[in-house]
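Student: Coordinates in query-v2.cif, mmCIF, C-alpha atoms, are listed below.
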data_query
loop_
_atom_site.group_PDB
_atom_site.id
_atom_site.type_symbol
_atom_site.label_atom_id
_atom_site.label_comp_id
_atom_site.auth_asym_id
_atom_site.auth_seq_id
_atom_site.Cartn_x
_atom_site.Cartn_y
_atom_site.Cartn_z
ATOM 1 C CA MET I 1 43.961 176.707 -60.590
ATOM 2 C CA PHE I 2 41.658 179.661 -61.191
ATOM 3 C CA VAL I 3 43.140 183.150 -60.812
ATOM 4 C CA PRO I 4 40.428 185.834 -60.789
ATOM 5 C CA LEU I 5 42.248 189.120 -61.362
ATOM 6 C CA THR I 6 40.485 192.198 -59.993
ATOM 7 C CA LEU I 7 41.780 194.999 -62.195
ATOM 8 C CA ASN I 8 40.752 197.785 -59.782
ATOM 9 C CA PRO I 9 40.493 196.248 -56.281
ATOM 10 C CA ALA I 10 38.799 197.965 -53.353
ATOM 11 C CA ILE I 11 38.021 197.665 -49.687
ATOM 12 C CA ASP I 12 34.242 197.371 -49.388
ATOM 13 C CA ARG I 13 32.734 199.074 -46.355
ATOM 14 C CA ILE I 14 29.169 197.809 -45.943
ATOM 15 C CA LEU I 15 26.931 200.007 -43.817
ATOM 16 C CA ARG I 16 23.376 199.243 -42.700
ATOM 17 C CA LEU I 17 21.358 202.340 -41.740
ATOM 18 C CA ASP I 18 18.707 202.943 -39.107
ATOM 19 C CA GLN I 19 16.357 204.563 -41.624
ATOM 20 C CA PRO I 20 15.874 204.837 -45.395
ATOM 21 C CA LEU I 21 18.558 206.935 -47.078
ATOM 22 C CA GLN I 22 17.507 210.597 -47.265
ATOM 23 C CA PRO I 23 19.836 213.240 -48.801
ATOM 24 C CA GLY I 24 20.718 215.974 -46.327
ATOM 25 C CA GLU I 25 19.581 213.972 -43.276
ATOM 26 C CA LEU I 26 21.559 212.422 -40.409
ATOM 27 C CA HIS I 27 21.836 208.632 -40.606
ATOM 28 C CA ARG I 28 23.186 206.279 -37.979
ATOM 29 C CA VAL I 29 24.901 203.019 -38.808
ATOM 30 C CA THR I 30 23.441 199.963 -37.092
ATOM 31 C CA GLU I 31 25.844 197.456 -38.652
ATOM 32 C CA ARG I 32 29.294 197.881 -40.220
ATOM 33 C CA ARG I 33 31.449 195.351 -42.026
ATOM 34 C CA GLU I 34 34.635 195.605 -44.076
ATOM 35 C CA GLN I 35 35.954 193.127 -46.587
ATOM 36 C CA ALA I 36 38.311 192.837 -49.520
ATOM 37 C CA GLY I 37 36.194 193.787 -52.498
ATOM 38 C CA GLY I 38 35.972 193.679 -56.250
ATOM 39 C CA LYS I 39 34.447 191.321 -58.780
ATOM 40 C CA GLY I 40 37.466 189.059 -58.890
ATOM 41 C CA VAL I 41 37.461 188.584 -55.128
ATOM 42 C CA ASN I 42 33.787 187.649 -55.204
ATOM 43 C CA VAL I 43 34.440 185.182 -58.020
ATOM 44 C CA ALA I 44 37.270 183.697 -55.933
ATOM 45 C CA ARG I 45 34.999 183.368 -52.889
ATOM 46 C CA ALA I 46 32.361 181.495 -54.852
ATOM 47 C CA LEU I 47 34.881 179.246 -56.600
ATOM 48 C CA ARG I 48 36.406 178.300 -53.247
ATOM 49 C CA THR I 49 32.944 177.566 -51.847
ATOM 50 C CA LEU I 50 32.351 175.188 -54.738
ATOM 51 C CA GLY I 51 35.623 173.413 -54.025
ATOM 52 C CA ALA I 52 37.912 174.864 -56.702
ATOM 53 C CA GLU I 53 41.551 175.738 -56.173
ATOM 54 C CA VAL I 54 41.704 179.511 -56.499
ATOM 55 C CA THR I 55 43.919 182.543 -55.841
ATOM 56 C CA ALA I 56 42.625 186.124 -55.917
ATOM 57 C CA ALA I 57 45.016 188.500 -57.699
ATOM 58 C CA GLY I 58 45.417 192.267 -57.947
ATOM 59 C CA VAL I 59 47.715 195.278 -57.839
ATOM 60 C CA LEU I 60 47.555 196.938 -54.398
ATOM 61 C CA ALA I 61 48.881 200.158 -52.901
ATOM 62 C CA GLY I 62 49.439 201.921 -49.590
ATOM 63 C CA PHE I 63 47.961 201.220 -46.171
ATOM 64 C CA ASN I 64 44.667 200.216 -47.739
ATOM 65 C CA GLY I 65 46.517 197.695 -49.884
ATOM 66 C CA GLN I 66 48.031 196.080 -46.813
ATOM 67 C CA LYS I 67 44.614 196.087 -45.175
ATOM 68 C CA PHE I 68 43.061 194.520 -48.286
ATOM 69 C CA ALA I 69 45.584 191.678 -48.185
ATOM 70 C CA ALA I 70 44.994 191.189 -44.454
ATOM 71 C CA LEU I 71 41.213 191.070 -44.907
ATOM 72 C CA LEU I 72 41.613 188.531 -47.699
ATOM 73 C CA ALA I 73 43.900 186.377 -45.573
ATOM 74 C CA ALA I 74 41.488 186.581 -42.640
ATOM 75 C CA GLU I 75 38.901 184.861 -44.846
ATOM 76 C CA GLY I 76 41.387 182.144 -45.676
ATOM 77 C CA LEU I 77 41.528 183.193 -49.336
ATOM 78 C CA ALA I 78 44.889 182.842 -51.061
ATOM 79 C CA GLY I 79 46.159 186.029 -52.677
ATOM 80 C CA GLN I 80 48.696 186.895 -55.388
ATOM 81 C CA HIS I 81 49.517 190.604 -55.257
ATOM 82 C CA VAL I 82 51.983 193.188 -56.464
ATOM 83 C CA PHE I 83 52.343 196.230 -54.205
ATOM 84 C CA LEU I 84 52.952 199.749 -55.473
ATOM 85 C CA ASP I 85 54.952 202.280 -53.478
ATOM 86 C CA ARG I 86 52.526 205.107 -54.276
ATOM 87 C CA GLY I 87 48.801 205.759 -53.918
ATOM 88 C CA GLU I 88 46.128 203.953 -51.942
ATOM 89 C CA THR I 89 43.881 201.057 -52.865
ATOM 90 C CA ARG I 90 40.408 202.544 -53.152
ATOM 91 C CA GLU I 91 37.457 202.229 -50.798
ATOM 92 C CA CYS I 92 33.832 201.651 -51.751
ATOM 93 C CA GLN I 93 30.895 202.434 -49.471
ATOM 94 C CA ILE I 94 27.855 200.138 -49.779
ATOM 95 C CA VAL I 95 24.799 201.456 -47.950
ATOM 96 C CA LEU I 96 22.057 198.960 -47.129
ATOM 97 C CA ARG I 97 18.560 199.749 -45.964
ATOM 98 C CA GLU I 98 15.705 198.970 -48.323
ATOM 99 C CA GLY I 99 15.701 198.001 -51.976
ATOM 100 C CA HIS I 100 18.914 197.940 -53.977
ATOM 101 C CA PRO I 101 22.066 199.073 -52.131
ATOM 102 C CA THR I 102 23.452 202.569 -52.648
ATOM 103 C CA GLU I 103 27.102 202.386 -53.685
ATOM 104 C CA ILE I 104 29.749 205.127 -53.583
ATOM 105 C CA ASN I 105 32.950 204.034 -55.311
ATOM 106 C CA GLU I 106 36.306 205.775 -55.381
ATOM 107 C CA ALA I 107 38.274 205.842 -58.627
ATOM 108 C CA GLY I 108 41.254 203.711 -57.620
ATOM 109 C CA VAL I 109 45.030 203.733 -58.104
ATOM 110 C CA PRO I 110 46.204 204.771 -61.597
ATOM 111 C CA HIS I 111 47.205 201.998 -63.968
ATOM 112 C CA ASP I 112 50.781 200.774 -63.649
ATOM 113 C CA ALA I 113 51.714 198.653 -66.661
ATOM 114 C CA SER I 114 54.911 197.245 -65.173
ATOM 115 C CA ALA I 115 53.173 196.179 -61.952
ATOM 116 C CA LEU I 116 50.431 194.446 -63.923
ATOM 117 C CA GLU I 117 53.026 192.696 -66.059
ATOM 118 C CA ARG I 118 54.811 191.405 -62.954
ATOM 119 C CA LEU I 119 51.509 190.142 -61.587
ATOM 120 C CA LEU I 120 50.637 188.349 -64.817
ATOM 121 C CA THR I 121 54.056 186.701 -64.855
ATOM 122 C CA ALA I 122 53.429 185.399 -61.329
ATOM 123 C CA CYS I 123 50.048 184.020 -62.436
ATOM 124 C CA ALA I 124 51.279 182.340 -65.621
ATOM 125 C CA GLY I 125 50.103 178.797 -66.237
ATOM 126 C CA HIS I 126 46.794 179.184 -64.417
ATOM 127 C CA THR I 127 43.232 179.910 -65.559
ATOM 128 C CA LEU I 128 42.914 183.682 -65.599
ATOM 129 C CA VAL I 129 39.567 185.470 -65.157
ATOM 130 C CA LEU I 130 39.608 189.252 -65.751
ATOM 131 C CA CYS I 131 37.138 191.067 -63.537
ATOM 132 C CA GLY I 132 35.838 194.546 -62.833
ATOM 133 C CA SER I 133 36.379 198.096 -63.987
ATOM 134 C CA LEU I 134 39.682 199.245 -65.426
ATOM 135 C CA PRO I 135 42.012 201.250 -63.191
ATOM 136 C CA PRO I 136 42.230 204.970 -64.011
ATOM 137 C CA GLY I 137 44.475 205.622 -66.986
ATOM 138 C CA MET I 138 44.488 202.093 -68.414
ATOM 139 C CA PRO I 139 44.102 202.470 -72.192
ATOM 140 C CA LEU I 140 41.445 200.346 -73.835
ATOM 141 C CA GLU I 141 44.120 199.213 -76.293
ATOM 142 C CA ALA I 142 46.173 197.843 -73.391
ATOM 143 C CA PHE I 143 43.145 195.980 -72.053
ATOM 144 C CA GLY I 144 42.450 194.509 -75.478
ATOM 145 C CA ALA I 145 46.074 193.418 -75.798
ATOM 146 C CA LEU I 146 45.872 191.822 -72.352
ATOM 147 C CA ILE I 147 42.917 189.697 -73.442
ATOM 148 C CA HIS I 148 44.552 188.802 -76.745
ATOM 149 C CA GLN I 149 47.823 187.772 -75.092
ATOM 150 C CA GLN I 150 46.532 186.080 -71.940
ATOM 151 C CA ALA I 151 43.420 184.345 -73.381
ATOM 152 C CA PRO I 152 41.464 184.530 -70.099
ATOM 153 C CA ALA I 153 38.651 182.110 -69.397
ATOM 154 C CA ALA I 154 36.261 185.054 -69.077
ATOM 155 C CA ALA I 155 36.094 188.849 -68.894
ATOM 156 C CA ASP I 156 33.543 190.524 -66.645
ATOM 157 C CA THR I 157 33.561 194.283 -67.111
ATOM 158 C CA SER I 158 31.296 196.998 -68.525
ATOM 159 C CA GLY I 159 30.972 199.886 -70.953
ATOM 160 C CA PRO I 160 33.808 200.498 -73.438
ATOM 161 C CA ALA I 161 35.942 197.854 -71.716
ATOM 162 C CA LEU I 162 33.242 195.254 -72.351
ATOM 163 C CA ARG I 163 33.126 196.146 -76.044
ATOM 164 C CA THR I 164 36.927 195.998 -76.135
ATOM 165 C CA ALA I 165 36.815 192.519 -74.595
ATOM 166 C CA LEU I 166 34.495 191.401 -77.386
ATOM 167 C CA GLU I 167 36.638 193.003 -80.072
ATOM 168 C CA ALA I 168 39.735 191.318 -78.621
ATOM 169 C CA GLY I 169 38.104 187.904 -78.899
ATOM 170 C CA ALA I 170 37.373 187.064 -75.253
ATOM 171 C CA ALA I 171 36.179 183.474 -74.931
ATOM 172 C CA LEU I 172 33.336 184.459 -72.581
ATOM 173 C CA VAL I 173 31.942 187.792 -71.401
ATOM 174 C CA LYS I 174 29.394 188.265 -68.625
ATOM 175 C CA PRO I 175 27.253 191.383 -68.967
ATOM 176 C CA ASN I 176 24.100 192.044 -67.034
ATOM 177 C CA GLU I 177 21.098 193.476 -68.860
ATOM 178 C CA ALA I 178 22.103 197.103 -68.235
ATOM 179 C CA GLU I 179 25.638 196.430 -69.498
ATOM 180 C CA LEU I 180 24.273 194.636 -72.554
ATOM 181 C CA ARG I 181 22.087 197.663 -73.309
ATOM 182 C CA GLN I 182 25.113 199.971 -72.989
ATOM 183 C CA ILE I 183 27.038 198.284 -75.776
ATOM 184 C CA ALA I 184 24.253 196.858 -77.938
ATOM 185 C CA GLY I 185 21.513 199.475 -77.571
ATOM 186 C CA SER I 186 19.099 196.845 -76.256
ATOM 187 C CA ALA I 187 18.842 194.289 -73.464
ATOM 188 C CA GLU I 188 16.868 191.873 -75.623
ATOM 189 C CA LEU I 189 18.100 188.396 -76.454
ATOM 190 C CA GLU I 190 18.518 189.278 -80.122
ATOM 191 C CA ALA I 191 21.016 191.988 -79.175
ATOM 192 C CA ALA I 192 23.180 189.393 -77.425
ATOM 193 C CA ARG I 193 22.874 187.083 -80.427
ATOM 194 C CA ARG I 194 24.058 189.852 -82.758
ATOM 195 C CA LEU I 195 27.137 190.393 -80.593
ATOM 196 C CA ARG I 196 27.852 186.668 -80.666
ATOM 197 C CA GLU I 197 27.553 186.610 -84.459
ATOM 198 C CA ARG I 198 29.771 189.669 -84.881
ATOM 199 C CA PHE I 199 32.555 188.896 -82.412
ATOM 200 C CA GLY I 200 32.385 185.145 -81.754
ATOM 201 C CA SER I 201 32.491 185.376 -77.947
ATOM 202 C CA ARG I 202 30.031 183.486 -75.793
ATOM 203 C CA LEU I 203 27.856 185.767 -73.670
ATOM 204 C CA LEU I 204 26.577 184.870 -70.207
ATOM 205 C CA VAL I 205 23.885 187.499 -69.631
ATOM 206 C CA THR I 206 22.683 187.783 -66.038
ATOM 207 C CA ARG I 207 19.077 188.946 -65.633
ATOM 208 C CA GLY I 208 18.518 189.199 -61.895
ATOM 209 C CA ALA I 209 15.361 187.452 -60.760
ATOM 210 C CA GLN I 210 14.696 186.406 -64.374
ATOM 211 C CA GLY I 211 17.725 184.099 -64.437
ATOM 212 C CA ALA I 212 20.274 184.199 -67.251
ATOM 213 C CA TRP I 213 20.955 183.563 -70.922
ATOM 214 C CA LEU I 214 23.937 181.777 -72.387
ATOM 215 C CA VAL I 215 24.493 182.756 -76.001
ATOM 216 C CA GLY I 216 26.960 180.532 -77.850
ATOM 217 C CA GLN I 217 26.587 178.011 -80.668
ATOM 218 C CA GLU I 218 23.230 177.388 -79.041
ATOM 219 C CA THR I 219 21.242 179.774 -76.865
ATOM 220 C CA TRP I 220 20.060 178.635 -73.443
ATOM 221 C CA GLU I 221 17.783 180.272 -70.916
ATOM 222 C CA ALA I 222 17.829 179.460 -67.196
ATOM 223 C CA ARG I 223 15.126 180.383 -64.715
ATOM 224 C CA VAL I 224 15.049 179.923 -60.964
ATOM 225 C CA PRO I 225 12.181 180.339 -58.477
ATOM 226 C CA ARG I 226 12.037 183.773 -56.889
ATOM 227 C CA VAL I 227 13.993 184.045 -53.639
ATOM 228 C CA ASP I 228 13.876 186.531 -50.780
ATOM 229 C CA VAL I 229 16.855 188.738 -51.566
ATOM 230 C CA ALA I 230 19.025 189.620 -48.573
ATOM 231 C CA ASN I 231 21.826 191.298 -50.557
ATOM 232 C CA PRO I 232 22.102 191.254 -54.370
ATOM 233 C CA VAL I 233 25.643 192.710 -54.456
ATOM 234 C CA GLY I 234 28.024 190.171 -55.971
ATOM 235 C CA ALA I 235 25.332 187.784 -57.210
ATOM 236 C CA GLY I 236 26.507 188.203 -60.788
ATOM 237 C CA ASP I 237 30.067 187.392 -59.736
ATOM 238 C CA CYS I 238 28.845 184.169 -58.121
ATOM 239 C CA THR I 239 26.923 183.382 -61.311
ATOM 240 C CA LEU I 240 30.132 183.603 -63.322
ATOM 241 C CA ALA I 241 31.993 181.492 -60.764
ATOM 242 C CA GLY I 242 29.323 178.804 -60.873
ATOM 243 C CA PHE I 243 29.531 178.632 -64.644
ATOM 244 C CA LEU I 244 33.328 178.439 -64.763
ATOM 245 C CA TRP I 245 33.446 175.819 -62.013
ATOM 246 C CA ALA I 246 30.816 173.626 -63.656
ATOM 247 C CA GLU I 247 32.482 173.707 -67.068
ATOM 248 C CA ALA I 248 35.807 172.872 -65.416
ATOM 249 C CA GLN I 249 34.084 169.736 -64.082
ATOM 250 C CA GLY I 250 33.340 168.732 -67.676
ATOM 251 C CA LEU I 251 29.628 169.517 -67.509
ATOM 252 C CA PRO I 252 27.850 170.609 -70.708
ATOM 253 C CA GLU I 253 27.170 174.311 -71.040
ATOM 254 C CA GLN I 254 23.452 174.056 -70.275
ATOM 255 C CA GLU I 255 24.234 172.296 -67.006
ATOM 256 C CA ALA I 256 26.925 174.881 -66.278
ATOM 257 C CA LEU I 257 24.313 177.583 -66.822
ATOM 258 C CA ALA I 258 22.035 175.905 -64.275
ATOM 259 C CA TRP I 259 24.835 175.903 -61.705
ATOM 260 C CA ALA I 260 25.606 179.524 -62.542
ATOM 261 C CA VAL I 261 22.080 180.735 -61.846
ATOM 262 C CA ALA I 262 21.849 178.596 -58.713
ATOM 263 C CA CYS I 263 25.036 180.141 -57.305
ATOM 264 C CA GLY I 264 23.936 183.685 -58.102
ATOM 265 C CA SER I 265 20.518 183.187 -56.554
ATOM 266 C CA ALA I 266 21.956 181.488 -53.475
ATOM 267 C CA SER I 267 24.317 184.406 -52.963
ATOM 268 C CA ALA I 268 21.477 186.941 -53.137
ATOM 269 C CA LEU I 269 19.384 184.818 -50.773
ATOM 270 C CA GLN I 270 22.111 184.284 -48.191
ATOM 271 C CA GLY I 271 23.456 187.838 -48.031
ATOM 272 C CA GLY I 272 26.250 188.012 -50.592
ATOM 273 C CA PRO I 273 29.350 186.082 -51.718
ATOM 274 C CA THR I 274 30.857 185.888 -48.231
ATOM 275 C CA ALA I 275 27.731 184.076 -47.002
ATOM 276 C CA LEU I 276 27.303 181.715 -49.964
ATOM 277 C CA THR I 277 27.264 177.997 -49.134
ATOM 278 C CA ARG I 278 27.551 175.081 -51.489
ATOM 279 C CA GLN I 279 24.543 173.445 -49.863
ATOM 280 C CA ALA I 280 22.324 176.411 -50.747
ATOM 281 C CA ALA I 281 23.609 176.387 -54.328
ATOM 282 C CA GLU I 282 22.983 172.646 -54.632
ATOM 283 C CA GLU I 283 19.439 173.005 -53.308
ATOM 284 C CA LEU I 284 18.615 175.810 -55.716
ATOM 285 C CA ARG I 285 20.234 173.899 -58.570
ATOM 286 C CA GLN I 286 17.434 171.351 -58.282
ATOM 287 C CA ALA I 287 14.882 174.095 -58.918
ATOM 288 C CA VAL I 288 16.589 175.726 -61.910
ATOM 289 C CA GLU I 289 14.934 175.150 -65.277
ATOM 290 C CA VAL I 290 17.078 175.360 -68.419
ATOM 291 C CA SER I 291 15.676 175.363 -71.934
ATOM 292 C CA ARG I 292 16.674 176.476 -75.410
ATOM 293 C CA ALA I 293 15.839 180.144 -75.808
ATOM 294 C CA ARG I 294 13.736 181.240 -78.727
#
Would you encode the structure as structure tokens?
Tutor:
Amino acid sequence: MFVPLTLNPAIDRILRLDQPLQPGELHRVTERREQAGGKGVNVARALRTLGAEVTAAGVLAGFNGQKFAALLAAEGLAGQHVFLDRGETRECQIVLREGHPTEINEAGVPHDASALERLLTACAGHTLVLCGSLPPGMPLEAFGALIHQQAPAAADTSGPALRTALEAGAALVKPNEAELRQIAGSAELEAARRLRERFGSRLLVTRGAQGAWLVGQETWEARVPRVDVANPVGAGDCTLAGFLWAEAQGLPEQEALAWAVACGSASALQGGPTALTRQAAEELRQAVEVSRAR
């Protein structure tokens, strides 16, 4: 069973506005939706859609934590949680109108090492996937030790935590181009190859409408026809889920990359991870082209 662990979970409040966002102006909300949020939850959604057995995990707190668990259960997603008796699970506001969404994210509940340890004990024996930003106060050394001790299937984070994941020997990391540039100084393919050579981790680099690279013993490039994007939020999470699911089926990594890009593109086309369908992913899979990258 897959256990995507969202290190800093949130309630996502998605707001669609009646006009383009203008600082200092009044905006009215024409559509409002709330859902359990975080990279790990999105990975869990996509894995379930593909037919995998999956449980979304995280440390929760306060009224928002109870609400998070209720929202997750309302979707029919299994959850494994540890609840703190202090603080509040954070909220994130996602404003939709035109172009890329505007996101306003709270910091989250401070790191609690004992709560995380209890959660990991409850998840032992399953395929762990570490996802998202670190909670406030979590030392990078503790995150590196977590990867070293737990040997997760993948780590999807950014900035110093992403570099720490590489240094700790993560089997697979999934940066996007901006995150690759942050740690390597460039978003070019050669930068990803240098990281692979230095640290040994495979890199699944998501590139939006350009597809993705997989940099391992061989380097693969996947491209998909352009789609009309309804909501790009979470597409990278679905890309990771597609890759993990396909490899778990015993498919070779180039075929797993094709499924990854198909899932990410289908999510963006259909409106996000909650709207993703396996049928859409299967249809797009037929259009994905995978070749050795030069």
Student: Taking (18.9, 181.2, -51.2) in the file's own coordinates, collect the residues within 8 Å, counting only C-alpha atoms, and hand them back as a list in words.
Tutor: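 Collected hits near the coordinates: Val227, Asp228, Val229, Ser265, Ala266, Ser267, Ala268, Leu269, Gln270, Ala280, Ala281 and Leu284 of chain I.
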Student: Check which residues satisfy the PyMOL selection byres ((chain I and resi 127) around 10) in the file shown, then give them as JSON, numbers by chain.
Tutor: {"I": [1, 2, 3, 4, 54, 123, 124, 125, 126, 128, 129, 150, 151, 152, 153, 154]}
Student: For range 188-258 of chain I versus range 37-43 of chain I, which residues have an atom no more than 10 Å away, and what is each residue's nearest atom pair and distance in Å rounded to one decimal, using all atoms listed in the file, chain-then-number order, as JSON lines?
Tutor:
{"residue": "I:Val233", "atom": "CA", "partner": "I:Asn42", "partner_atom": "CA", "distance": 9.6}
{"residue": "I:Gly234", "atom": "CA", "partner": "I:Asn42", "partner_atom": "CA", "distance": 6.3}
{"residue": "I:Ala235", "atom": "CA", "partner": "I:Asn42", "partner_atom": "CA", "distance": 8.7}
{"residue": "I:Gly236", "atom": "CA", "partner": "I:Lys39", "partner_atom": "CA", "distance": 8.8}
{"residue": "I:Asp237", "atom": "CA", "partner": "I:Val43", "partner_atom": "CA", "distance": 5.2}
{"residue": "I:Cys238", "atom": "CA", "partner": "I:Val43", "partner_atom": "CA", "distance": 5.7}
{"residue": "I:Thr239", "atom": "CA", "partner": "I:Val43", "partner_atom": "CA", "distance": 8.4}
{"residue": "I:Leu240", "atom": "CA", "partner": "I:Val43", "partner_atom": "CA", "distance": 7.0}
{"residue": "I:Ala241", "atom": "CA", "partner": "I:Val43", "partner_atom": "CA", "distance": 5.2}
{"residue": "I:Gly242", "atom": "CA", "partner": "I:Val43", "partner_atom": "CA", "distance": 8.7}
{"residue": "I:Leu244", "atom": "CA", "partner": "I:Val43", "partner_atom": "CA", "distance": 9.6}
Student: Select, from I:Ile183, I:Leu47, I:Ile147, I:Leu214, the residue with the minimum atom-to-atom distance to Pro252 in chain I, counting only C-alpha atoms.
Tutor: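 Using only C-alpha atoms, the shortest distance to Pro252 in chain I belongs to I:Leu214.
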Student: So the first atom is CA of Phe143 in chain I and the second is CA of Leu204 in chain I; what is the distance between them in Å, to one decimal place?
Tutor: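 Separation of CA of Phe143 in chain I and CA of Leu204 in chain I: 20.0 Å.
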Student: Show which residues sit within 7 Å of Lys174 in chain I, as a list in words. Count only C-alpha atoms, and ignore same-chain residues fewer than 3 positions away.
Tutor: Ala155, Asp156, Leu203, Leu204 and Val205 of chain I
Student: I'd like the contact shell of His148 in chain I - 8 Å cut-off, only C-alpha atoms, skipping same-chain residues fewer than 6 positions apart - returned as a PDB file with C-alpha atoms, in the frame of the given file.
Tutor:
ATOM      1  CA  ALA I 168      39.735 191.318 -78.621  1.00  0.00           C
ATOM      2  CA  GLY I 169      38.104 187.904 -78.899  1.00  0.00           C
ATOM      3  CA  ALA I 170      37.373 187.064 -75.253  1.00  0.00           C
TER       4      ALA I 170
END
